[in-house]
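A.B. asks: I am sharing entry-v3.tsv, which consists of TSV, C-alpha atoms:
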chain	number	residue	atom	x	y	z
A	187	MET	CA	1.29	5.25	-13.40
A	188	SER	CA	2.18	8.74	-12.25
A	189	GLY	CA	-0.47	10.22	-14.55
A	190	PHE	CA	-3.06	7.81	-13.19
A	191	PHE	CA	-2.35	8.78	-9.60
A	192	TYR	CA	-2.29	12.47	-10.50
A	193	ASN	CA	-5.78	12.22	-11.99
A	194	LEU	CA	-6.98	10.14	-9.07
A	195	GLY	CA	-5.61	12.72	-6.67
A	196	ARG	CA	-7.60	15.45	-8.41
A	197	HIS	CA	-10.84	13.58	-7.81
A	198	VAL	CA	-10.23	11.86	-4.50
A	199	GLY	CA	-11.84	14.61	-2.42
A	200	ARG	CA	-15.33	13.89	-3.72
A	201	ALA	CA	-15.55	10.48	-2.05
A	202	ALA	CA	-13.11	10.99	0.80
A	203	VAL	CA	-14.18	14.31	2.31
A	204	PRO	CA	-17.70	13.30	3.49
A	205	THR	CA	-16.33	10.25	5.29
A	206	ILE	CA	-13.45	12.23	6.76
A	207	ARG	CA	-15.79	14.93	8.05
A	208	LYS	CA	-18.04	12.34	9.65
A	209	SER	CA	-15.22	10.39	11.26
A	210	LYS	CA	-13.16	13.39	12.39
A	211	TRP	CA	-10.20	11.25	11.37
A	212	ILE	CA	-7.56	13.93	11.73
A	213	TRP	CA	-8.28	14.58	15.39
A	214	ASP	CA	-8.89	10.93	16.22
A	215	GLY	CA	-5.66	10.02	14.45
A	216	LEU	CA	-3.71	12.62	16.41
A	217	THR	CA	-5.31	12.72	19.85
A	218	GLY	CA	-7.81	9.86	20.08
A	219	THR	CA	-7.42	6.50	21.72
A	220	GLU	CA	-5.71	3.70	19.85
A	221	GLU	CA	-9.09	2.24	18.92
A	222	GLU	CA	-10.34	5.63	17.67
A	223	ALA	CA	-7.18	6.07	15.61
A	224	LEU	CA	-7.69	2.65	14.00
A	225	ARG	CA	-11.30	3.46	13.17
A	226	ALA	CA	-10.23	6.79	11.68
A	227	GLU	CA	-7.55	5.09	9.61
A	228	ALA	CA	-10.05	2.54	8.32
A	229	ALA	CA	-12.59	5.25	7.44
A	230	PHE	CA	-10.04	7.26	5.49
A	231	GLY	CA	-8.65	4.22	3.70
A	232	SER	CA	-12.15	3.05	2.79
A	233	ALA	CA	-12.97	6.43	1.27
A	234	LEU	CA	-9.79	6.39	-0.80
A	235	ALA	CA	-10.43	2.79	-1.87
A	236	THR	CA	-13.93	3.71	-3.02
A	237	GLU	CA	-12.55	6.50	-5.15
A	238	LEU	CA	-9.80	4.31	-6.57
A	239	ARG	CA	-12.30	1.63	-7.59
A	240	GLY	CA	-14.38	4.26	-9.36
A	241	ALA	CA	-11.36	5.59	-11.24
A	242	THR	CA	-10.01	2.25	-12.49
A	243	GLU	CA	-11.20	-0.45	-14.83
A	244	ARG	CA	-12.30	-3.69	-13.23
A	245	VAL	CA	-10.25	-6.79	-13.91
A	246	ASN	CA	-12.64	-9.43	-15.22
A	247	ASP	CA	-10.51	-12.40	-14.24
A	248	PRO	CA	-12.06	-14.57	-11.52
A	249	GLN	CA	-8.89	-16.65	-11.20
A	250	MET	CA	-6.73	-13.57	-10.61
A	251	THR	CA	-9.25	-12.22	-8.12
A	252	ALA	CA	-9.36	-15.51	-6.23
A	253	LEU	CA	-5.56	-15.79	-6.26
A	254	LEU	CA	-4.99	-12.34	-4.75
A	255	SER	CA	-7.80	-12.72	-2.20
A	256	GLY	CA	-6.55	-16.12	-1.11
A	257	LEU	CA	-2.97	-14.95	-0.73
A	258	CYS	CA	-4.05	-11.90	1.24
A	259	GLU	CA	-6.21	-13.98	3.55
A	260	ARG	CA	-3.40	-16.44	4.16
A	261	LEU	CA	-0.89	-13.68	4.94
A	262	ALA	CA	-3.35	-11.75	7.11
A	263	ALA	CA	-3.86	-14.83	9.25
A	264	CYS	CA	-0.21	-14.47	10.31
A	265	VAL	CA	-0.55	-10.83	11.43
A	266	ARG	CA	-0.58	-10.66	15.23
A	267	ASP	CA	-2.79	-7.59	15.49
A	268	LYS	CA	-6.20	-8.70	14.20
A	269	ARG	CA	-7.86	-5.29	14.44
A	270	ARG	CA	-7.33	-4.51	10.75
A	271	ALA	CA	-9.20	-6.36	8.01
A	272	PHE	CA	-6.87	-6.72	5.02
A	273	ARG	CA	-8.17	-7.07	1.48
A	274	CYS	CA	-6.33	-7.22	-1.84
A	275	GLU	CA	-7.89	-6.35	-5.19
A	276	ALA	CA	-6.71	-6.29	-8.78
A	277	ILE	CA	-6.81	-3.11	-10.86
A	278	ARG	CA	-6.16	-2.79	-14.56
A	279	ASP	CA	-2.98	-0.89	-15.36
A	280	ASP	CA	-0.34	-1.58	-17.98
A	281	SER	CA	2.52	-0.74	-15.59
A	282	PRO	CA	3.39	-3.19	-12.80
A	283	ASN	CA	2.25	-1.44	-9.65
A	284	ALA	CA	0.96	-2.11	-6.17
A	285	MET	CA	-0.46	0.27	-3.62
A	286	ALA	CA	-1.31	0.08	0.07
A	287	LEU	CA	-3.99	2.37	1.46
A	288	PRO	CA	-4.39	3.08	5.18
A	289	GLY	CA	-6.78	0.71	6.92
A	290	GLY	CA	-5.83	-2.51	5.14
A	291	PHE	CA	-6.66	-1.89	1.46
A	292	ILE	CA	-4.16	-3.27	-1.07
A	293	PHE	CA	-4.39	-2.91	-4.85
A	294	VAL	CA	-2.21	-4.80	-7.32
A	295	SER	CA	-2.18	-4.12	-11.06
A	296	HIS	CA	-2.93	-6.99	-13.42
A	297	SER	CA	0.41	-6.37	-15.13
A	298	LEU	CA	2.30	-6.93	-11.87
A	299	VAL	CA	0.42	-10.21	-11.39
A	300	ASN	CA	1.55	-11.19	-14.87
A	301	LEU	CA	5.13	-10.05	-14.20
A	302	CYS	CA	5.11	-12.46	-11.26
A	303	GLU	CA	3.81	-15.12	-13.68
A	304	ARG	CA	1.05	-15.67	-11.12
A	305	ARG	CA	3.51	-17.51	-8.90
A	306	PRO	CA	2.00	-17.54	-5.39
A	307	GLU	CA	5.36	-17.19	-3.59
A	308	GLU	CA	6.26	-14.07	-5.62
A	309	LEU	CA	2.86	-12.44	-5.28
A	310	ALA	CA	2.89	-13.27	-1.57
A	311	PHE	CA	6.04	-11.15	-1.24
A	312	VAL	CA	4.40	-8.25	-3.11
A	313	ILE	CA	1.29	-8.40	-0.92
A	314	GLY	CA	3.30	-8.99	2.25
A	315	HIS	CA	5.46	-5.94	1.47
A	316	GLU	CA	2.39	-3.72	1.02
A	317	MET	CA	0.75	-5.23	4.09
A	318	ALA	CA	3.86	-4.33	6.09
A	319	HIS	CA	3.53	-0.67	5.06
A	320	ILE	CA	-0.01	-0.71	6.47
A	321	ILE	CA	0.98	-2.51	9.68
A	322	ARG	CA	3.77	-0.02	10.32
A	323	GLU	CA	1.42	2.87	9.36
A	324	HIS	CA	4.00	4.44	7.07
A	325	ALA	CA	1.60	6.32	4.78
A	326	TRP	CA	-1.03	6.95	7.46
A	327	ASN	CA	1.37	8.60	9.89
A	328	ARG	CA	2.81	10.86	7.25
A	329	MET	CA	-0.60	11.86	5.93
A	330	VAL	CA	-1.94	12.66	9.41
A	331	LYS	CA	1.08	14.82	10.17
A	332	GLU	CA	0.89	16.57	6.81
A	333	VAL	CA	-2.79	17.38	7.14
A	334	ALA	CA	-2.43	18.46	10.76
A	335	SER	CA	0.43	20.78	9.86
A	336	SER	CA	-1.47	22.24	6.93
A	337	VAL	CA	-4.71	22.74	8.80
A	338	LEU	CA	-3.22	23.99	12.04
A	339	SER	CA	-0.88	26.39	10.29
A	340	ARG	CA	-3.92	28.16	8.89
A	341	ALA	CA	-5.71	27.94	12.24
A	342	VAL	CA	-8.67	26.21	10.64
A	343	SER	CA	-10.82	23.62	12.36
A	344	VAL	CA	-11.52	20.65	10.10
A	345	ILE	CA	-15.07	20.38	11.32
A	346	ALA	CA	-15.86	24.09	10.98
A	347	ALA	CA	-14.09	24.48	7.65
A	348	ARG	CA	-16.70	22.46	5.72
A	349	ALA	CA	-13.85	20.37	4.39
A	350	GLY	CA	-12.73	23.12	2.00
A	351	PRO	CA	-9.02	23.30	2.92
A	352	LEU	CA	-8.89	19.59	3.62
A	353	GLY	CA	-10.59	18.77	0.34
A	354	GLY	CA	-8.03	20.90	-1.48
A	355	TRP	CA	-5.22	19.12	0.31
A	356	LEU	CA	-6.61	15.75	-0.73
A	357	ARG	CA	-6.89	16.79	-4.37
A	358	ASP	CA	-3.44	18.33	-4.50
A	359	LYS	CA	-1.37	16.17	-2.16
A	360	GLY	CA	-3.26	13.13	-0.94
A	361	MET	CA	-2.34	10.54	-3.54
A	362	VAL	CA	1.07	12.08	-4.13
A	363	LEU	CA	1.88	11.44	-0.48
A	364	LEU	CA	0.67	7.87	-0.79
A	365	GLN	CA	3.12	7.42	-3.63
A	366	SER	CA	6.07	9.06	-1.92
A	367	ALA	CA	5.36	8.36	1.73
A	368	HIS	CA	7.83	5.54	2.01
A	369	SER	CA	11.46	6.37	2.74
A	370	GLN	CA	14.26	3.95	1.97
A	371	ASP	CA	14.15	2.87	5.62
A	372	HIS	CA	10.42	2.21	5.28
A	373	GLU	CA	10.99	0.14	2.16
A	374	GLN	CA	13.63	-1.94	3.91
A	375	GLU	CA	11.34	-2.45	6.89
A	376	ALA	CA	8.48	-3.48	4.58
A	377	ASP	CA	10.75	-5.93	2.73
A	378	GLU	CA	11.85	-7.61	5.95
A	379	LEU	CA	8.46	-7.73	7.67
A	380	GLY	CA	6.87	-8.83	4.40
A	381	LEU	CA	9.32	-11.71	4.15
A	382	HIS	CA	8.56	-12.78	7.71
A	383	LEU	CA	4.85	-12.84	6.83
A	384	VAL	CA	5.60	-14.84	3.68
A	385	ALA	CA	7.53	-17.47	5.66
A	386	ALA	CA	4.97	-17.56	8.48
A	387	ALA	CA	2.22	-18.21	5.91
A	388	GLY	CA	4.14	-21.19	4.58
A	389	PHE	CA	5.42	-19.70	1.32
A	390	ALA	CA	9.01	-20.14	0.14
A	391	PRO	CA	10.78	-16.85	0.97
A	392	GLY	CA	13.06	-17.42	-2.02
A	393	GLY	CA	10.19	-16.28	-4.23
A	394	ALA	CA	11.11	-12.73	-3.29
A	395	ILE	CA	14.63	-13.21	-4.64
A	396	ALA	CA	13.32	-14.82	-7.83
A	397	LEU	CA	11.05	-11.83	-8.48
A	398	LEU	CA	13.78	-9.28	-7.74
A	399	GLN	CA	16.23	-11.13	-10.00
A	400	ARG	CA	13.70	-11.01	-12.84
A	401	ILE	CA	13.24	-7.28	-12.27
A	402	GLU	CA	17.00	-6.77	-12.25
A	403	ARG	CA	17.28	-8.41	-15.69
A	404	LEU	CA	14.59	-6.24	-17.25
A	405	ASP	CA	15.32	-3.04	-19.12
A	406	PRO	CA	13.31	-0.32	-17.31
A	407	GLN	CA	12.99	1.69	-20.52
A	408	ARG	CA	11.38	-1.19	-22.42
A	409	SER	CA	9.63	-3.20	-19.75
A	410	GLY	CA	7.31	-0.48	-18.47
A	411	LEU	CA	8.26	-1.21	-14.87
A	412	GLY	CA	6.74	2.11	-13.91
A	413	GLN	CA	6.90	4.25	-10.81
A	414	TYR	CA	6.36	1.40	-8.36
A	415	PHE	CA	9.78	-0.21	-8.76
A	416	ALA	CA	11.48	3.11	-9.46
A	417	SER	CA	10.48	4.30	-5.98
A	418	HIS	CA	12.07	1.26	-4.33
A	419	PRO	CA	15.78	0.66	-3.74
A	420	PRO	CA	17.57	-0.98	-6.72
A	421	ALA	CA	16.74	-4.66	-7.15
A	422	ALA	CA	20.39	-5.67	-6.73
A	423	GLU	CA	20.57	-3.87	-3.40
A	424	ARG	CA	17.38	-5.53	-2.19
A	425	ILE	CA	18.63	-8.96	-3.29
A	426	ALA	CA	21.93	-8.53	-1.40
A	427	ARG	CA	20.13	-7.42	1.75
A	428	LEU	CA	17.32	-9.99	1.70
A	429	THR	CA	19.24	-13.12	0.64
A	430	PRO	CA	20.67	-13.84	4.14
A	431	LEU	CA	17.22	-13.33	5.68
A	432	CYS	CA	15.66	-15.65	3.11
A	433	ARG	CA	18.17	-18.34	3.99
A	434	ARG	CA	17.48	-17.99	7.72
A	435	LEU	CA	13.73	-18.10	7.22
A	436	ALA	CA	13.97	-21.06	4.85
A	437	SER	CA	15.95	-22.97	7.49
A	438	GLY	CA	13.37	-22.17	10.14
A	439	HIS	CA	15.36	-19.47	11.94
A	440	PRO	CA	13.60	-16.04	12.04
Represent the structure from my file as structure tokens, please.
C.D. replies:
Amino acid sequence: MSGFFYNLGRHVGRAAVPTIRKSKWIWDGLTGTEEEALRAEAAFGSALATELRGATERVNDPQMTALLSGLCERLAACVRDKRRAFRCEAIRDDSPNAMALPGGFIFVSHSLVNLCERRPEELAFVIGHEMAHIIREHAWNRMVKEVASSVLSRAVSVIAARAGPLGGWLRDKGMVLLQSAHSQDHEQEADELGLHLVAAAGFAPGGAIALLQRIERLDPQRSGLGQYFASHPPAAERIARLTPLCRRLASGHP
């Protein structure tokens, strides 16, 4: 998956820069009102999503598409802040991966859907985890700070620069930051908030443990688990931390 994101990062500027220039997302994200920041986040995420769709093969599986869309809609209904519109799409990739873009865009590889054996409670945890990253603005906040630091350090106005420096940043760093934006604390926060969303949507929270136990049993060298799971804490550590929360949620105690 790392090669895929590297190639995507090289091309992302073509679709993203025009939208970014129009929306002035960097300044709105840093100094605008909360509503302006949300619009900027959505504009940037939409541009990245457009580029990602153009760089990946479509998954011609109506049942998979309906499954992911339905799960995302059900989980999104439990999010208190309704100002983001969440959507989840399948992409074709042989490594199990999932990705959350700023603004509410979630992509799940067909191989991860198959790893979950299309079990709704397991996929709900995957989607809820990625949704939590978006809600907590983990990638968005880091990207805004990174771009601001890069642009301001060179004393260049984004609007006056004709997107040259910013376009270069997007090609060189944009998707890399999306991959590495989440610290271990962020991953833990996304696990816990994701589980709360899963339970609130009426799914069995134990599906998260079942998925993590399956991952723990797999040989990373032979299973092609890819960068997605490698960037998360070890499955055993996540299981130990989440099991008590799963029990509380299953018994109706948040």
A.B. asks: Counting only C-alpha atoms, which residue out of A:Ala235, A:Leu257, A:Ala223, A:Leu287 sits closest to A:Arg304?
C.D. replies: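 Smallest distance to A:Arg304 is found for A:Leu257.
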A.B. asks: Hey, can you check how far atom CA of A:Ile401 sits from atom CA of A:Ala422?
C.D. replies: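 For atom CA of A:Ile401 relative to atom CA of A:Ala422, the distance reads 9.2 Å.
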A.B. asks: Interatomic distance between atom CA of A:Leu379 and atom CA of A:Gly314?
C.D. replies: 7.6 Å
A.B. asks: Just how far from atom CA of A:Phe311 is atom CA of A:Leu383, in Å to one decimal?
C.D. replies: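 Spanning atom CA of A:Leu383 to atom CA of A:Phe311 is a straight-line distance of 8.3 Å.
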A.B. asks: Please, what is the axis-aligned box for every listed atom of stretch 252-257 of chain A with 8 Å on each side, as centre and edge lengths in Å to one decimal, as AutoDock Vina command-line options?
C.D. replies:
--center_x -6.2 --center_y -14.2 --center_z -3.5 --size_x 22.4 --size_y 19.8 --size_z 21.5
A.B. asks: Which residues come within 12 Å of A:Met250, counting all atoms listed in the file, excluding same-chain residues fewer than 6 positions away, as a list in words?
C.D. replies: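 My list of contacting residues is Arg244, Gly256, Leu257, Cys274, Glu275, Ala276, Ile277, Arg278, Val294, Ser295, His296, Ser297, Leu298, Val299, Asn300, Cys302, Glu303, Arg304, Arg305, Pro306 and Leu309 of chain A.
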A.B. asks: Kindly provide, as a PyMOL selection string, the polymer residues lying within 9 Å of (10.0, -18.0, -2.1), counting all atoms listed in the file and using the coordinates exactly as they appear in the file.
C.D. replies: chain A and resi 306-308+310-311+381+384-385+389-397+432+436
A.B. asks: A:Leu404, A:Leu301, A:Ile425, A:Ile292: which is nearest A:Ile321, counting all atoms listed in the file?
C.D. replies: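 Ranked by minimum distance to A:Ile321, first place goes to A:Ile292.
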A.B. asks: Which residue gives the smallest distance to A:His372 among A:Glu316, A:Glu423, A:Glu402, A:Glu259, with all atoms listed in the file counted?
C.D. replies: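 Result for the nearest residue to A:His372: A:Glu316.
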A.B. asks: Kindly indicate which residue among A:Ala284, A:Ala271, A:Leu234, A:Leu428 lies nearest to A:Cys258, using only C-alpha atoms for the distances.
C.D. replies: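 Of the candidates, the smallest distance to A:Cys258 is held by A:Ala271.
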A.B. asks: Check the smallest atom-to-atom distance from each of A:Arg427, A:His439, A:Arg260, A:His324 to A:Glu227 using all atoms listed in the file, then report the winner.
C.D. replies: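 Answer, going by the shortest atom-to-atom distance: A:His324.
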A.B. asks: Determine the nearest neighbour of A:Gly231 from the options A:Asp267, A:Ser281, A:Gly289, A:Asn246, counting only C-alpha atoms.
C.D. replies: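 Residue with the minimum atom-to-atom distance to A:Gly231: A:Gly289.
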A.B. asks: For stretch 275-305 of chain A, where the input has fewer atoms than it should, I would like N, CA and C atoms rebuilt and written as a PDB file, in the frame of the given file.
C.D. replies:
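Result file selection.pdb:
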ATOM      1  N   GLU A 275      -7.103  -6.371  -3.968  1.00  0.00           N
ATOM      2  CA  GLU A 275      -7.890  -6.350  -5.190  1.00  0.00           C
ATOM      3  C   GLU A 275      -7.000  -6.080  -6.387  1.00  0.00           C
ATOM      4  N   ALA A 276      -7.440  -6.548  -7.537  1.00  0.00           N
ATOM      5  CA  ALA A 276      -6.710  -6.290  -8.780  1.00  0.00           C
ATOM      6  C   ALA A 276      -7.282  -5.071  -9.477  1.00  0.00           C
ATOM      7  N   ILE A 277      -6.398  -4.240 -10.021  1.00  0.00           N
ATOM      8  CA  ILE A 277      -6.810  -3.110 -10.860  1.00  0.00           C
ATOM      9  C   ILE A 277      -6.123  -3.261 -12.215  1.00  0.00           C
ATOM     10  N   ARG A 278      -6.736  -2.683 -13.229  1.00  0.00           N
ATOM     11  CA  ARG A 278      -6.160  -2.790 -14.560  1.00  0.00           C
ATOM     12  C   ARG A 278      -5.236  -1.608 -14.822  1.00  0.00           C
ATOM     13  N   ASP A 279      -3.970  -1.911 -15.016  1.00  0.00           N
ATOM     14  CA  ASP A 279      -2.980  -0.890 -15.360  1.00  0.00           C
ATOM     15  C   ASP A 279      -1.845  -1.575 -16.090  1.00  0.00           C
ATOM     16  N   ASP A 280      -1.361  -0.950 -17.146  1.00  0.00           N
ATOM     17  CA  ASP A 280      -0.340  -1.580 -17.980  1.00  0.00           C
ATOM     18  C   ASP A 280       1.039  -1.567 -17.347  1.00  0.00           C
ATOM     19  N   SER A 281       1.241  -0.757 -16.296  1.00  0.00           N
ATOM     20  CA  SER A 281       2.520  -0.740 -15.590  1.00  0.00           C
ATOM     21  C   SER A 281       2.411  -1.593 -14.332  1.00  0.00           C
ATOM     22  N   PRO A 282       3.421  -2.394 -14.034  1.00  0.00           N
ATOM     23  CA  PRO A 282       3.390  -3.190 -12.800  1.00  0.00           C
ATOM     24  C   PRO A 282       3.414  -2.275 -11.582  1.00  0.00           C
ATOM     25  N   ASN A 283       2.363  -2.311 -10.806  1.00  0.00           N
ATOM     26  CA  ASN A 283       2.250  -1.440  -9.650  1.00  0.00           C
ATOM     27  C   ASN A 283       1.479  -2.119  -8.538  1.00  0.00           C
ATOM     28  N   ALA A 284       1.737  -1.696  -7.331  1.00  0.00           N
ATOM     29  CA  ALA A 284       0.960  -2.110  -6.170  1.00  0.00           C
ATOM     30  C   ALA A 284       0.854  -0.917  -5.240  1.00  0.00           C
ATOM     31  N   MET A 285      -0.200  -0.894  -4.456  1.00  0.00           N
ATOM     32  CA  MET A 285      -0.460   0.270  -3.620  1.00  0.00           C
ATOM     33  C   MET A 285      -1.156  -0.159  -2.336  1.00  0.00           C
ATOM     34  N   ALA A 286      -0.695   0.354  -1.219  1.00  0.00           N
ATOM     35  CA  ALA A 286      -1.310   0.080   0.070  1.00  0.00           C
ATOM     36  C   ALA A 286      -1.970   1.353   0.590  1.00  0.00           C
ATOM     37  N   LEU A 287      -3.259   1.262   0.876  1.00  0.00           N
ATOM     38  CA  LEU A 287      -3.990   2.370   1.460  1.00  0.00           C
ATOM     39  C   LEU A 287      -4.121   2.154   2.960  1.00  0.00           C
ATOM     40  N   PRO A 288      -4.183   3.233   3.733  1.00  0.00           N
ATOM     41  CA  PRO A 288      -4.390   3.080   5.180  1.00  0.00           C
ATOM     42  C   PRO A 288      -5.632   2.230   5.450  1.00  0.00           C
ATOM     43  N   GLY A 289      -5.602   1.475   6.527  1.00  0.00           N
ATOM     44  CA  GLY A 289      -6.780   0.710   6.920  1.00  0.00           C
ATOM     45  C   GLY A 289      -6.811  -0.715   6.433  1.00  0.00           C
ATOM     46  N   GLY A 290      -5.876  -1.114   5.551  1.00  0.00           N
ATOM     47  CA  GLY A 290      -5.830  -2.510   5.140  1.00  0.00           C
ATOM     48  C   GLY A 290      -6.174  -2.776   3.687  1.00  0.00           C
ATOM     49  N   PHE A 291      -6.281  -1.731   2.859  1.00  0.00           N
ATOM     50  CA  PHE A 291      -6.660  -1.890   1.460  1.00  0.00           C
ATOM     51  C   PHE A 291      -5.411  -1.982   0.578  1.00  0.00           C
ATOM     52  N   ILE A 292      -5.304  -3.057  -0.193  1.00  0.00           N
ATOM     53  CA  ILE A 292      -4.160  -3.270  -1.070  1.00  0.00           C
ATOM     54  C   ILE A 292      -4.658  -3.474  -2.496  1.00  0.00           C
ATOM     55  N   PHE A 293      -4.032  -2.785  -3.434  1.00  0.00           N
ATOM     56  CA  PHE A 293      -4.390  -2.910  -4.850  1.00  0.00           C
ATOM     57  C   PHE A 293      -3.145  -3.315  -5.630  1.00  0.00           C
ATOM     58  N   VAL A 294      -3.299  -4.301  -6.500  1.00  0.00           N
ATOM     59  CA  VAL A 294      -2.210  -4.800  -7.320  1.00  0.00           C
ATOM     60  C   VAL A 294      -2.648  -4.751  -8.778  1.00  0.00           C
ATOM     61  N   SER A 295      -1.814  -4.198  -9.645  1.00  0.00           N
ATOM     62  CA  SER A 295      -2.180  -4.120 -11.060  1.00  0.00           C
ATOM     63  C   SER A 295      -2.094  -5.493 -11.717  1.00  0.00           C
ATOM     64  N   HIS A 296      -2.923  -5.698 -12.726  1.00  0.00           N
ATOM     65  CA  HIS A 296      -2.930  -6.990 -13.420  1.00  0.00           C
ATOM     66  C   HIS A 296      -1.583  -7.257 -14.082  1.00  0.00           C
ATOM     67  N   SER A 297      -0.887  -6.181 -14.483  1.00  0.00           N
ATOM     68  CA  SER A 297       0.410  -6.370 -15.130  1.00  0.00           C
ATOM     69  C   SER A 297       1.474  -6.836 -14.139  1.00  0.00           C
ATOM     70  N   LEU A 298       1.358  -6.441 -12.878  1.00  0.00           N
ATOM     71  CA  LEU A 298       2.300  -6.930 -11.870  1.00  0.00           C
ATOM     72  C   LEU A 298       2.022  -8.407 -11.578  1.00  0.00           C
ATOM     73  N   VAL A 299       0.759  -8.788 -11.563  1.00  0.00           N
ATOM     74  CA  VAL A 299       0.420 -10.210 -11.390  1.00  0.00           C
ATOM     75  C   VAL A 299       1.052 -11.021 -12.515  1.00  0.00           C
ATOM     76  N   ASN A 300       0.962 -10.481 -13.732  1.00  0.00           N
ATOM     77  CA  ASN A 300       1.550 -11.190 -14.870  1.00  0.00           C
ATOM     78  C   ASN A 300       3.077 -11.187 -14.824  1.00  0.00           C
ATOM     79  N   LEU A 301       3.674 -10.100 -14.346  1.00  0.00           N
ATOM     80  CA  LEU A 301       5.130 -10.050 -14.200  1.00  0.00           C
ATOM     81  C   LEU A 301       5.597 -11.146 -13.234  1.00  0.00           C
ATOM     82  N   CYS A 302       4.798 -11.396 -12.212  1.00  0.00           N
ATOM     83  CA  CYS A 302       5.110 -12.460 -11.260  1.00  0.00           C
ATOM     84  C   CYS A 302       4.753 -13.843 -11.814  1.00  0.00           C
ATOM     85  N   GLU A 303       4.220 -13.871 -13.039  1.00  0.00           N
ATOM     86  CA  GLU A 303       3.810 -15.120 -13.680  1.00  0.00           C
ATOM     87  C   GLU A 303       2.819 -15.891 -12.799  1.00  0.00           C
ATOM     88  N   ARG A 304       2.078 -15.132 -12.014  1.00  0.00           N
ATOM     89  CA  ARG A 304       1.050 -15.670 -11.120  1.00  0.00           C
ATOM     90  C   ARG A 304       1.615 -16.679 -10.117  1.00  0.00           C
ATOM     91  N   ARG A 305       2.897 -16.603  -9.867  1.00  0.00           N
ATOM     92  CA  ARG A 305       3.510 -17.510  -8.900  1.00  0.00           C
ATOM     93  C   ARG A 305       3.114 -17.060  -7.482  1.00  0.00           C
TER      94      ARG A 305
END
